[in-house]
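To be precise, the following lines are entry-v6.cif, and they hold mmCIF, C-alpha atoms (C1' of nucleotides).
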```
data_upload
loop_
_atom_site.label_atom_id
_atom_site.label_comp_id
_atom_site.auth_asym_id
_atom_site.auth_seq_id
_atom_site.Cartn_x
_atom_site.Cartn_y
_atom_site.Cartn_z
CA MET A 1 255.58 -23.95 137.59
CA THR A 2 251.88 -23.66 138.12
CA ARG A 3 249.72 -25.92 136.10
CA TRP A 4 247.65 -23.01 134.82
CA GLU A 5 248.36 -19.37 134.17
CA PRO A 6 246.33 -16.85 136.19
CA GLY A 7 243.75 -14.57 134.66
CA ALA A 8 241.88 -17.15 132.66
CA ARG A 9 238.79 -14.99 132.55
CA GLU A 10 240.71 -12.01 131.22
CA ARG A 11 242.39 -14.07 128.54
CA LEU A 12 239.13 -15.55 127.38
CA ASN A 13 237.62 -12.11 127.34
CA SER A 14 240.19 -10.44 125.17
CA ALA A 15 240.66 -13.47 122.94
CA ALA A 16 236.93 -13.46 122.28
CA LEU A 17 236.74 -9.76 121.46
CA GLU A 18 239.70 -10.02 119.12
CA LEU A 19 238.30 -12.99 117.27
CA TYR A 20 234.79 -11.58 117.08
CA ALA A 21 236.21 -8.36 115.69
CA SER A 22 238.54 -9.95 113.19
CA LYS A 23 236.53 -12.83 111.76
CA GLY A 24 233.02 -12.17 112.97
CA PHE A 25 230.95 -13.48 115.85
CA GLU A 26 229.25 -16.39 114.15
CA GLU A 27 232.37 -17.45 112.33
CA THR A 28 234.20 -17.78 115.63
CA THR A 29 233.77 -21.04 117.51
CA VAL A 30 234.07 -21.29 121.24
CA ALA A 31 236.77 -23.87 120.74
CA GLU A 32 238.84 -21.27 118.90
CA ILE A 33 238.47 -18.73 121.67
CA ALA A 34 239.45 -21.29 124.25
CA GLN A 35 242.46 -22.37 122.26
CA ALA A 36 243.57 -18.77 121.78
CA ALA A 37 243.41 -18.38 125.55
CA GLY A 38 245.23 -21.64 126.13
CA LEU A 39 242.20 -23.33 127.65
CA THR A 40 239.50 -25.77 126.66
CA GLU A 41 235.99 -25.14 125.48
CA ARG A 42 234.58 -26.57 128.68
CA THR A 43 236.45 -24.00 130.73
CA PHE A 44 235.03 -21.17 128.64
CA PHE A 45 231.55 -22.23 129.66
CA ARG A 46 232.59 -22.33 133.28
CA TYR A 47 233.34 -18.62 133.14
CA PHE A 48 230.62 -17.46 130.77
CA ALA A 49 227.09 -18.78 130.52
CA ASP A 50 227.17 -18.61 126.75
CA LYS A 51 229.14 -17.42 123.78
CA ARG A 52 227.64 -13.92 123.95
CA GLU A 53 228.01 -13.30 127.62
CA VAL A 54 231.77 -12.89 127.31
CA LEU A 55 231.15 -9.40 125.93
CA PHE A 56 228.74 -8.40 128.66
CA ALA A 57 230.41 -9.47 131.85
CA GLY A 58 230.83 -6.58 134.24
CA SER A 59 227.50 -4.99 133.55
CA GLU A 60 226.56 -5.61 137.15
CA LEU A 61 229.02 -2.86 138.02
CA LEU A 62 227.19 -0.47 135.72
CA GLU A 63 223.91 -1.42 137.32
CA GLN A 64 225.32 -0.90 140.78
CA GLN A 65 226.61 2.50 139.82
CA MET A 66 223.18 3.46 138.54
CA LEU A 67 221.51 2.26 141.70
CA ASP A 68 223.99 4.16 143.86
CA GLY A 69 223.27 7.26 141.82
CA ALA A 70 219.56 6.79 142.29
CA ALA A 71 219.96 6.25 146.00
CA ALA A 72 221.95 9.47 146.30
CA ALA A 73 219.12 11.56 144.87
CA PRO A 74 217.29 13.73 147.40
CA LYS A 75 214.08 12.49 148.94
CA SER A 76 212.16 15.28 147.27
CA ALA A 77 213.26 14.31 143.76
CA THR A 78 210.62 13.38 141.19
CA ALA A 79 210.65 9.99 139.48
CA PHE A 80 212.28 11.41 136.41
CA GLU A 81 214.89 13.26 138.45
CA VAL A 82 215.87 10.07 140.24
CA ALA A 83 216.15 8.24 136.93
CA ARG A 84 218.31 11.04 135.67
CA ALA A 85 220.55 10.81 138.72
CA ALA A 86 220.96 7.11 138.07
CA VAL A 87 222.04 7.72 134.51
CA THR A 88 224.35 10.57 135.38
CA ALA A 89 226.12 8.40 137.90
CA THR A 90 227.39 6.14 135.13
CA ALA A 91 229.52 8.84 133.58
CA ALA A 92 232.53 7.71 135.60
CA TYR A 93 232.19 4.43 133.78
CA PHE A 94 233.04 6.05 130.46
CA PRO A 95 236.31 7.96 130.75
CA GLU A 96 238.23 9.05 127.71
CA ASP A 97 240.57 6.04 127.81
CA ARG A 98 237.78 3.59 127.33
CA ARG A 99 236.26 5.35 124.37
CA SER A 100 238.14 3.46 121.66
CA TYR A 101 237.63 0.13 123.39
CA SER A 102 233.94 0.93 123.67
CA ARG A 103 233.86 1.76 119.98
CA LEU A 104 235.29 -1.61 119.00
CA ARG A 105 233.00 -3.49 121.31
CA ALA A 106 229.96 -1.58 120.10
CA LYS A 107 230.90 -2.23 116.50
CA VAL A 108 231.10 -5.96 117.09
CA ILE A 109 227.77 -5.90 118.88
CA THR A 110 225.84 -3.87 116.35
CA GLU A 111 227.15 -6.04 113.55
CA ASN A 112 225.57 -9.14 115.01
CA PRO A 113 221.87 -9.62 115.77
CA GLN A 114 222.47 -12.15 118.51
CA LEU A 115 224.78 -9.80 120.33
CA THR A 116 222.38 -6.94 119.79
CA GLU A 117 219.66 -8.97 121.45
CA ARG A 118 221.82 -9.59 124.45
CA GLU A 119 222.68 -5.92 124.70
CA LEU A 120 219.03 -4.98 124.61
CA ARG A 121 218.37 -7.43 127.38
CA LYS A 122 221.05 -5.85 129.53
CA MET A 123 219.58 -2.41 128.92
CA SER A 124 216.17 -3.71 129.80
CA SER A 125 217.56 -5.19 132.96
CA LEU A 126 219.10 -1.84 133.88
CA ALA A 127 215.75 -0.17 133.35
CA GLU A 128 214.03 -2.73 135.50
CA ALA A 129 216.56 -2.23 138.28
CA ILE A 130 215.96 1.50 138.24
CA ALA A 131 212.22 0.99 138.14
CA ALA A 132 212.48 -1.23 141.20
CA ALA A 133 214.47 1.44 143.01
CA LEU A 134 211.80 3.97 142.15
CA ARG A 135 209.11 1.70 143.49
CA GLU A 136 211.11 1.39 146.68
CA ARG A 137 210.81 5.15 146.95
CA GLY A 138 207.07 4.86 146.77
CA ILE A 139 206.62 5.79 143.13
CA PRO A 140 203.79 3.74 141.66
CA GLU A 141 203.55 1.98 138.33
CA PRO A 142 203.46 2.75 135.53
CA THR A 143 205.29 5.95 136.42
CA ALA A 144 208.28 4.04 137.74
CA THR A 145 208.76 2.04 134.56
CA LEU A 146 208.10 5.03 132.37
CA ALA A 147 210.72 7.13 134.12
CA ALA A 148 213.27 4.32 134.25
CA GLN A 149 212.83 3.47 130.58
CA SER A 150 213.13 7.09 129.60
CA GLY A 151 216.32 7.38 131.58
CA VAL A 152 217.80 4.35 129.88
CA THR A 153 216.76 5.69 126.51
CA VAL A 154 218.74 8.83 127.21
CA PHE A 155 221.62 6.67 128.33
CA ARG A 156 221.58 4.73 125.08
CA VAL A 157 221.36 7.79 122.89
CA THR A 158 224.13 9.40 124.88
CA PHE A 159 226.35 6.37 124.56
CA ALA A 160 225.74 6.14 120.83
CA GLY A 161 226.74 9.76 120.49
CA TRP A 162 229.79 9.35 122.69
CA ILE A 163 231.26 6.62 120.51
CA SER A 164 230.25 8.20 117.22
CA GLU A 165 233.01 9.07 114.80
CA GLY A 166 234.74 12.34 115.55
CA GLU A 167 232.84 13.06 118.75
CA ARG A 168 235.06 14.84 121.26
CA ARG A 169 232.70 15.89 124.01
CA SER A 170 232.68 13.96 127.25
CA PHE A 171 229.94 11.54 128.24
CA VAL A 172 228.39 13.97 130.73
CA GLU A 173 228.28 16.81 128.26
CA ILE A 174 226.43 14.74 125.71
CA GLU A 175 224.16 13.37 128.35
CA THR A 176 223.17 16.80 129.59
CA GLU A 177 222.24 17.85 126.11
CA THR A 178 220.28 14.68 125.48
CA PHE A 179 218.23 15.15 128.61
CA ALA A 180 217.54 18.72 127.59
CA GLN A 181 216.33 17.56 124.20
CA LEU A 182 214.00 15.00 125.69
CA GLY A 183 212.54 17.61 128.00
CA ALA A 184 212.02 20.08 125.18
CA MET A 185 210.45 17.46 122.97
CA THR A 186 207.83 16.15 125.36
CA ALA A 187 207.06 19.48 126.99
CA LYS A 188 205.61 20.83 123.77
CA GLY A 189 202.24 19.79 122.38
CA MET B 1 194.25 -36.79 98.51
CA THR B 2 196.93 -34.19 98.79
CA ARG B 3 200.18 -35.31 100.19
CA TRP B 4 200.24 -32.51 102.74
CA GLU B 5 197.57 -30.56 104.55
CA PRO B 6 197.44 -26.82 103.90
CA GLY B 7 198.29 -24.28 106.55
CA ALA B 8 201.55 -25.75 107.67
CA ARG B 9 202.67 -22.40 109.04
CA GLU B 10 199.53 -22.00 111.10
CA ARG B 11 199.78 -25.49 112.52
CA LEU B 12 203.40 -25.01 113.50
CA ASN B 13 202.53 -21.69 115.05
CA SER B 14 199.76 -22.91 117.31
CA ALA B 15 201.50 -26.16 118.14
CA ALA B 16 204.51 -24.17 119.28
CA LEU B 17 202.53 -21.77 121.45
CA GLU B 18 200.65 -24.62 123.07
CA LEU B 19 203.78 -26.58 123.84
CA TYR B 20 205.71 -23.56 125.05
CA ALA B 21 202.82 -22.68 127.33
CA SER B 22 202.27 -26.16 128.68
CA LYS B 23 205.78 -27.50 129.20
CA GLY B 24 208.01 -24.47 128.83
CA PHE B 25 210.06 -23.06 125.99
CA GLU B 26 213.36 -24.73 126.71
CA GLU B 27 211.78 -28.03 127.54
CA THR B 28 210.11 -28.10 124.15
CA THR B 29 212.15 -29.40 121.24
CA VAL B 30 211.59 -28.34 117.66
CA ALA B 31 211.10 -31.99 116.78
CA GLU B 32 208.13 -32.10 119.14
CA ILE B 33 206.54 -29.02 117.63
CA ALA B 34 206.99 -30.42 114.15
CA GLN B 35 205.52 -33.75 115.15
CA ALA B 36 202.52 -32.08 116.78
CA ALA B 37 201.94 -30.27 113.50
CA GLY B 38 202.42 -33.42 111.48
CA LEU B 39 205.63 -32.20 109.89
CA THR B 40 209.33 -32.67 110.26
CA GLU B 41 211.89 -30.59 112.08
CA ARG B 42 213.44 -29.52 108.79
CA THR B 43 210.17 -28.05 107.63
CA PHE B 44 209.86 -26.01 110.80
CA PHE B 45 213.10 -24.30 109.97
CA ARG B 46 211.89 -23.60 106.46
CA TYR B 47 209.10 -21.47 107.91
CA PHE B 48 210.86 -19.95 110.88
CA ALA B 49 214.45 -18.87 111.12
CA ASP B 50 214.77 -20.24 114.61
CA LYS B 51 212.86 -21.71 117.51
CA ARG B 52 211.93 -18.30 118.89
CA GLU B 53 210.76 -16.65 115.72
CA VAL B 54 207.62 -18.76 115.62
CA LEU B 55 206.14 -16.48 118.28
CA PHE B 56 207.06 -13.28 116.50
CA ALA B 57 205.97 -13.82 112.94
CA GLY B 58 203.57 -11.14 111.82
CA SER B 59 205.34 -8.30 113.54
CA GLU B 60 205.96 -6.79 110.12
CA LEU B 61 202.26 -6.00 110.07
CA LEU B 62 202.56 -4.12 113.32
CA GLU B 63 205.50 -2.19 111.95
CA GLN B 64 203.61 -1.35 108.79
CA GLN B 65 200.68 -0.11 110.80
CA MET B 66 202.96 2.13 112.80
CA LEU B 67 204.57 3.51 109.68
CA ASP B 68 201.20 4.18 108.10
CA GLY B 69 200.17 6.00 111.24
CA ALA B 70 203.32 8.08 111.15
CA ALA B 71 202.82 8.88 107.48
CA ALA B 72 199.27 10.06 108.18
CA ALA B 73 200.44 12.67 110.66
CA PRO B 74 200.23 16.28 109.44
CA LYS B 75 203.30 17.94 108.00
CA SER B 76 203.35 20.40 110.84
CA ALA B 77 203.54 17.71 113.53
CA THR B 78 206.50 17.65 115.89
CA ALA B 79 208.77 14.60 116.15
CA PHE B 80 207.03 13.44 119.27
CA GLU B 81 203.60 13.97 117.77
CA VAL B 82 204.51 11.83 114.79
CA ALA B 83 205.84 9.10 117.06
CA ARG B 84 202.62 9.28 118.99
CA ALA B 85 200.58 8.96 115.80
CA ALA B 86 202.59 5.86 114.94
CA VAL B 87 201.84 4.26 118.28
CA THR B 88 198.18 5.23 118.26
CA ALA B 89 197.77 3.59 114.86
CA THR B 90 198.49 0.18 116.37
CA ALA B 91 195.38 0.23 118.53
CA ALA B 92 193.44 -1.61 115.83
CA TYR B 93 195.91 -4.40 116.29
CA PHE B 94 194.70 -5.05 119.83
CA PRO B 95 190.95 -5.55 119.85
CA GLU B 96 189.17 -7.12 122.78
CA ASP B 97 189.11 -10.59 121.20
CA ARG B 98 192.86 -10.82 121.10
CA ARG B 99 193.42 -9.81 124.67
CA SER B 100 193.42 -13.30 126.15
CA TYR B 101 195.61 -14.65 123.37
CA SER B 102 197.98 -11.76 123.95
CA ARG B 103 198.04 -12.57 127.63
CA LEU B 104 199.06 -16.17 127.03
CA ARG B 105 201.70 -15.21 124.51
CA ALA B 106 203.10 -12.52 126.78
CA LYS B 107 203.22 -14.93 129.69
CA VAL B 108 205.24 -17.42 127.69
CA ILE B 109 207.60 -14.69 126.55
CA THR B 110 208.22 -13.08 129.91
CA GLU B 111 208.87 -16.46 131.46
CA ASN B 112 211.81 -17.10 129.16
CA PRO B 113 214.91 -14.93 128.79
CA GLN B 114 215.58 -16.03 125.24
CA LEU B 115 212.11 -15.08 124.16
CA THR B 116 212.36 -11.83 126.05
CA GLU B 117 215.50 -11.00 124.14
CA ARG B 118 213.77 -11.58 120.86
CA GLU B 119 210.85 -9.42 121.91
CA LEU B 120 213.18 -6.60 122.85
CA ARG B 121 214.82 -6.86 119.47
CA LYS B 122 211.47 -6.58 117.75
CA MET B 123 210.63 -3.52 119.81
CA SER B 124 213.98 -2.04 118.98
CA SER B 125 213.35 -2.70 115.34
CA LEU B 126 210.01 -0.92 115.58
CA ALA B 127 211.69 2.07 117.16
CA GLU B 128 214.31 2.12 114.45
CA ALA B 129 211.64 2.03 111.74
CA ILE B 130 209.87 4.98 113.30
CA ALA B 131 213.13 6.84 113.72
CA ALA B 132 213.87 6.30 110.03
CA ALA B 133 210.44 7.68 109.13
CA LEU B 134 211.13 10.72 111.25
CA ARG B 135 214.44 11.27 109.52
CA GLU B 136 212.61 11.07 106.22
CA ARG B 137 210.55 13.99 107.45
CA GLY B 138 213.70 15.97 108.02
CA ILE B 139 213.98 15.48 111.75
CA PRO B 140 217.64 15.18 112.70
CA GLU B 141 219.34 12.82 115.10
CA PRO B 142 219.31 12.34 117.98
CA THR B 143 215.84 13.82 118.13
CA ALA B 144 214.46 11.19 115.80
CA THR B 145 215.71 8.26 117.86
CA LEU B 146 214.72 9.91 121.11
CA ALA B 147 211.16 10.50 119.95
CA ALA B 148 210.83 7.05 118.40
CA GLN B 149 212.17 5.31 121.48
CA SER B 150 209.89 7.28 123.74
CA GLY B 151 206.95 6.34 121.59
CA VAL B 152 207.83 2.68 121.78
CA THR B 153 208.28 2.94 125.53
CA VAL B 154 204.75 4.23 125.83
CA PHE B 155 203.62 1.42 123.58
CA ARG B 156 205.25 -1.17 125.80
CA VAL B 157 203.89 0.27 129.01
CA THR B 158 200.47 0.51 127.43
CA PHE B 159 200.57 -3.06 126.26
CA ALA B 160 201.69 -4.30 129.66
CA GLY B 161 198.77 -2.47 131.21
CA TRP B 162 196.32 -3.75 128.64
CA ILE B 163 197.10 -7.38 129.37
CA SER B 164 197.38 -6.95 133.12
CA GLU B 165 194.99 -8.91 135.28
CA GLY B 166 191.58 -7.37 135.63
CA GLU B 167 192.22 -4.50 133.25
CA ARG B 168 189.06 -3.61 131.34
CA ARG B 169 189.93 -0.40 129.54
CA SER B 170 190.68 -0.51 125.82
CA PHE B 171 194.14 -0.19 124.40
CA VAL B 172 193.58 3.40 123.26
CA GLU B 173 192.29 4.50 126.62
CA ILE B 174 195.34 3.19 128.42
CA GLU B 175 197.60 4.60 125.77
CA THR B 176 196.15 8.08 126.09
CA GLU B 177 196.72 8.02 129.80
CA THR B 178 200.26 6.74 129.45
CA PHE B 179 201.16 9.50 127.04
CA ALA B 180 199.71 12.02 129.44
CA GLN B 181 201.82 10.63 132.25
CA LEU B 182 205.00 10.80 130.22
CA GLY B 183 204.26 14.39 129.31
CA ALA B 184 203.57 15.37 132.89
CA MET B 185 206.67 13.63 134.13
CA THR B 186 209.21 15.18 131.80
CA ALA B 187 207.62 18.60 131.68
CA LYS B 188 208.30 19.14 135.35
CA GLY B 189 211.73 19.78 136.75
"C1'" DG C 1 255.98 -34.34 155.85
"C1'" DA C 2 251.78 -37.30 155.14
"C1'" DC C 3 247.02 -36.52 154.79
"C1'" DA C 4 242.65 -34.75 153.48
"C1'" DC C 5 240.22 -30.69 151.16
"C1'" DT C 6 239.34 -27.27 147.86
"C1'" DT C 7 239.70 -25.22 143.37
"C1'" DA C 8 240.70 -24.80 138.54
"C1'" DT C 9 241.07 -27.38 134.72
"C1'" DG C 10 240.82 -31.44 131.39
"C1'" DT C 11 238.35 -35.38 129.16
"C1'" DC C 12 234.55 -37.43 127.23
"C1'" DA C 13 229.97 -38.42 126.07
"C1'" DG C 14 225.69 -36.56 124.61
"C1'" DC C 15 221.56 -33.59 123.42
"C1'" DA C 16 219.40 -30.21 120.68
"C1'" DA C 17 219.51 -26.19 117.54
"C1'" DC C 18 220.37 -25.26 113.05
"C1'" DT C 19 222.20 -26.07 107.94
"C1'" DG C 20 223.29 -28.15 103.39
"C1'" DT C 21 222.03 -31.46 100.05
"C1'" DC C 22 219.48 -34.44 97.58
"C1'" DA C 23 215.36 -37.26 96.93
"C1'" DT C 24 210.32 -37.46 96.53
"C1'" DC C 25 205.75 -36.58 95.77
"C1'" DA C 26 201.72 -33.64 94.44
"C1'" DC C 27 200.15 -30.37 91.43
"C1'" DT C 28 200.23 -27.53 86.89
"C1'" DA C 29 201.14 -26.07 82.19
"C1'" DG C 30 201.55 -27.33 77.72
"C1'" DC D 1 201.65 -37.61 78.83
"C1'" DT D 2 205.51 -35.19 80.11
"C1'" DA D 3 208.27 -31.75 81.93
"C1'" DG D 4 208.62 -28.46 85.38
"C1'" DT D 5 207.71 -26.33 90.00
"C1'" DG D 6 207.17 -26.12 94.84
"C1'" DA D 7 206.53 -28.10 99.38
"C1'" DT D 8 208.18 -31.69 102.08
"C1'" DG D 9 211.06 -35.70 103.78
"C1'" DA D 10 215.45 -38.04 104.77
"C1'" DC D 11 219.89 -37.77 106.39
"C1'" DA D 12 224.30 -36.32 107.59
"C1'" DG D 13 227.09 -32.77 109.69
"C1'" DT D 14 228.56 -28.66 112.65
"C1'" DT D 15 228.31 -26.17 116.82
"C1'" DG D 16 226.56 -24.39 121.24
"C1'" DC D 17 226.05 -26.08 125.59
"C1'" DT D 18 225.69 -29.57 129.73
"C1'" DG D 19 226.59 -33.40 132.98
"C1'" DA D 20 229.73 -36.60 135.08
"C1'" DC D 21 233.99 -37.85 136.37
"C1'" DA D 22 239.11 -37.49 136.56
"C1'" DT D 23 243.32 -34.93 137.70
"C1'" DA D 24 246.60 -31.76 139.28
"C1'" DA D 25 247.83 -27.44 141.88
"C1'" DG D 26 247.47 -24.97 146.08
"C1'" DT D 27 246.00 -24.85 151.26
"C1'" DG D 28 245.48 -26.28 155.64
"C1'" DT D 29 246.11 -29.66 159.70
"C1'" DC D 30 248.22 -32.57 162.75
#
```

Can you give me the file's structure in the form of C-alpha cells?
Amino acid sequence: MTRWEPGARERLNSAALELYASKGFEETTVAEIAQAAGLTERTFFRYFADKREVLFAGSELLEQQMLDGAAAAPKSATAFEVARAAVTATAAYFPEDRRSYSRLRAKVITENPQLTERELRKMSSLAEAIAAALRERGIPEPTATLAAQSGVTVFRVTFAGWISEGERRSFVEIETETFAQLGAMTAKG
Amino acid sequence: MTRWEPGARERLNSAALELYASKGFEETTVAEIAQAAGLTERTFFRYFADKREVLFAGSELLEQQMLDGAAAAPKSATAFEVARAAVTATAAYFPEDRRSYSRLRAKVITENPQLTERELRKMSSLAEAIAAALRERGIPEPTATLAAQSGVTVFRVTFAGWISEGERRSFVEIETETFAQLGAMTAKG
DNA sequence: GACACTTATGTCAGCAACTGTCATCACTAG
DNA sequence: CTAGTGATGACAGTTGCTGACATAAGTGTC
C-alpha cells in the first residue's frame, strides 16, 4: 500500500469544480476541497497558488497553442493575420466532447467576480503573449497590442457563442463568422 | 471640536496610493493605511469593499461619461461609431493636469497582479456597459460586444500611450490615431 | 540489505484580509 | 433637554495563504 494515492492534482481539480458548482465559490473553503480529495489544505496550496487557480491550470497549453499558430503564419502575413492564425490554432482545444465541461466551468466563473477577474487576467496574458510574438516579427507598438487584443476579443466572443445554449456549430465555424463580423464592422465608416 | 475630521474617504484614498507606491501593494497592510489616515481598519472597509478597490473608486464616473457619449451619437451611427463616440467622450477625463497622477497610479497597478486583475475587471465592466447601450439601440449580439470590446481596446491602448514616458500629445490626439490604426489593420486582408 | 537522498504529504503556528456585532460619540430635530 | 441618526471605534471570529519542520514512501548505491 502506498501512503498516498496518485493523481492528487486531478482529484483536487475535480473536487474543487464540483464544490464550486454545487455550493458556490465563496461558500467553499479550501479545507473542504482538500478533504473531498483526501488531502490537507496545505497540500492544496502546494499544487495551486490560490483558491482560484485550480480552475485555470493548463492555460499555458492554450497559450502555447496560440504561439505555435502564430509562428506557423507566413512571413508575409500582416499583424492582424498573424493574430488570427494564433486564435484559429486554438480550435483543437475545444472539441465537441469538452463543450459541456466548458459550459459548467464557464458558468461557475461568470457567477463569481473573483473568478471572472482571474479569467480576464489569463486572457490579458494570452494577448500579451501574442503581442510579444508580433513584436518578434518586427511589428511595432501599438499595432502589435492592437492586433493581439483584437484577436483575443474574437476568441472570447467565439468561446461565449460556442458554449451558449443550443449552439451546435463547431468552434472554428463560429470563429470564422466572428472574424468576418469584426472585419465588416471596422471596415465601414 | 468634531470627533472626526471630514474627508475620511479622501484621506484613505491618498494614504493608500502613497503607501502602495512607496512600499508596494502587498507589503502595505490595511491597518497601516487606516492609521496613516487617522482611522481604523474597520472604517477602511466601510468605504472600500476591499484593499484594491481604493484605487478604483470613481470609475462609475468614467462609465457614465462613456454612456453619455454613446447616447449622444446620431441614430444613424453604426455600432462601431457609437462605441467610438463612447470612448471619445472620456477625453475630458484625462486633462494634462492628471497625467502625472495617472502615471503613478498606473505604475502601482501594473506592478501588482492583483491590482491588474481589478483593472481588467473594470475595463470589462465598461465594455459590458457599452455593449448594453448598443443593444438598447437595437444592435444584436455578438456585434454589440465586438464593437464595445474593440472600443475599450482602443481606449486602453490610447491610455497606455498617453501616460508613456515623454509623450506630449493629448489624449484625443492619440486616440484618433489609434482608431485610425485599428481601421487600417482590419480593413486589409 | 543498510544507508543516504528525494519527493509528496502532514502538522502546526501565524499573519493579514475581511465580516458581524455592539458600543460610543458628535451632531440634529423637535 | 431629549431622542434619534450617522460615522466611527472596539473586538472577536473566519478564512485564505505562508513558513518551518516532521514523516513516510519510493529510489538509488555500495

Exercise. Hey, what's within 10 Å of D:DT18 if we count all atoms listed in the file and toss same-chain stuff fewer than 4 positions away? As number ranges by chain, please?
Worked result: A: 42, 45; C: 14-15

Expanded to explicit residues, what is the PyMOL selection byres ((chain A and resi 52) around 10) for this file, as an mmCIF file with C-alpha atoms, keeping the file's coordinate frame?
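Contents of selection_14.cif, as written:
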```
data_model
loop_
_atom_site.group_PDB
_atom_site.id
_atom_site.type_symbol
_atom_site.label_atom_id
_atom_site.label_comp_id
_atom_site.auth_asym_id
_atom_site.auth_seq_id
_atom_site.Cartn_x
_atom_site.Cartn_y
_atom_site.Cartn_z
ATOM 1 C CA ALA A 16 236.930 -13.460 122.280
ATOM 2 C CA PHE A 25 230.950 -13.480 115.850
ATOM 3 C CA PHE A 48 230.620 -17.460 130.770
ATOM 4 C CA ALA A 49 227.090 -18.780 130.520
ATOM 5 C CA ASP A 50 227.170 -18.610 126.750
ATOM 6 C CA LYS A 51 229.140 -17.420 123.780
ATOM 7 C CA GLU A 53 228.010 -13.300 127.620
ATOM 8 C CA VAL A 54 231.770 -12.890 127.310
ATOM 9 C CA LEU A 55 231.150 -9.400 125.930
ATOM 10 C CA PHE A 56 228.740 -8.400 128.660
ATOM 11 C CA ALA A 57 230.410 -9.470 131.850
ATOM 12 C CA ILE A 109 227.770 -5.900 118.880
ATOM 13 C CA GLN A 114 222.470 -12.150 118.510
ATOM 14 C CA LEU A 115 224.780 -9.800 120.330
ATOM 15 C CA THR A 116 222.380 -6.940 119.790
ATOM 16 C CA GLU A 117 219.660 -8.970 121.450
ATOM 17 C CA ARG A 118 221.820 -9.590 124.450
ATOM 18 C CA GLU A 119 222.680 -5.920 124.700
#
```

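Across the structure, atom CA of A:Phe159 and atom CA of A:Leu182 are spaced 15.1 Å apart.
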
For this session: Can you turn the PyMOL selection byres ((chain C and resi 7) around 12) into a concrete residue list for this file, as an MDAnalysis selection string?
Result: (chainID A and resid 4) or (chainID C and resid 5:6 8:9) or (chainID D and resid 23:27)

Any chance you could export the current selection's C-alpha atoms (C1' of nucleotides) as a CSV table (one decimal), keeping the file's coordinate frame?
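The result, stored in out39.csv:
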```
chain,number,residue,atom,x,y,z
A,4,TRP,CA,247.6,-23.0,134.8
C,5,DC,C1',240.2,-30.7,151.2
C,6,DT,C1',239.3,-27.3,147.9
C,8,DA,C1',240.7,-24.8,138.5
C,9,DT,C1',241.1,-27.4,134.7
D,23,DT,C1',243.3,-34.9,137.7
D,24,DA,C1',246.6,-31.8,139.3
D,25,DA,C1',247.8,-27.4,141.9
D,26,DG,C1',247.5,-25.0,146.1
D,27,DT,C1',246.0,-24.8,151.3
```

For this session: Would you kindly translate the PyMOL selection byres ((chain A and resi 91) around 10) into the concrete residues it picks from this file, as a ChimeraX atom specification?
Result: /A:62,65-66,86-90,92-95,155,159,170-173,175

May I have the selected residues written with C-alpha atoms, as a compact mmCIF listing (two decimals), in the frame of the given file?
```
# COMPACT_ATOMS: atom_id res chain seq x y z
CA LEU A 62 227.19 -0.47 135.72
CA GLN A 65 226.61 2.50 139.82
CA MET A 66 223.18 3.46 138.54
CA ALA A 86 220.96 7.11 138.07
CA VAL A 87 222.04 7.72 134.51
CA THR A 88 224.35 10.57 135.38
CA ALA A 89 226.12 8.40 137.90
CA THR A 90 227.39 6.14 135.13
CA ALA A 92 232.53 7.71 135.60
CA TYR A 93 232.19 4.43 133.78
CA PHE A 94 233.04 6.05 130.46
CA PRO A 95 236.31 7.96 130.75
CA PHE A 155 221.62 6.67 128.33
CA PHE A 159 226.35 6.37 124.56
CA SER A 170 232.68 13.96 127.25
CA PHE A 171 229.94 11.54 128.24
CA VAL A 172 228.39 13.97 130.73
CA GLU A 173 228.28 16.81 128.26
CA GLU A 175 224.16 13.37 128.35
```

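Atom CA of A:Thr158 to atom CA of B:Ser76 spans 27.4 Å [interatomic distance, one decimal].
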
Exercise. Nearest to chain A: which of C:DG10, C:DG30, C:DG1, C:DG20 is it, counting only C-alpha atoms (C1' of nucleotides)?
Worked result: C:DG10
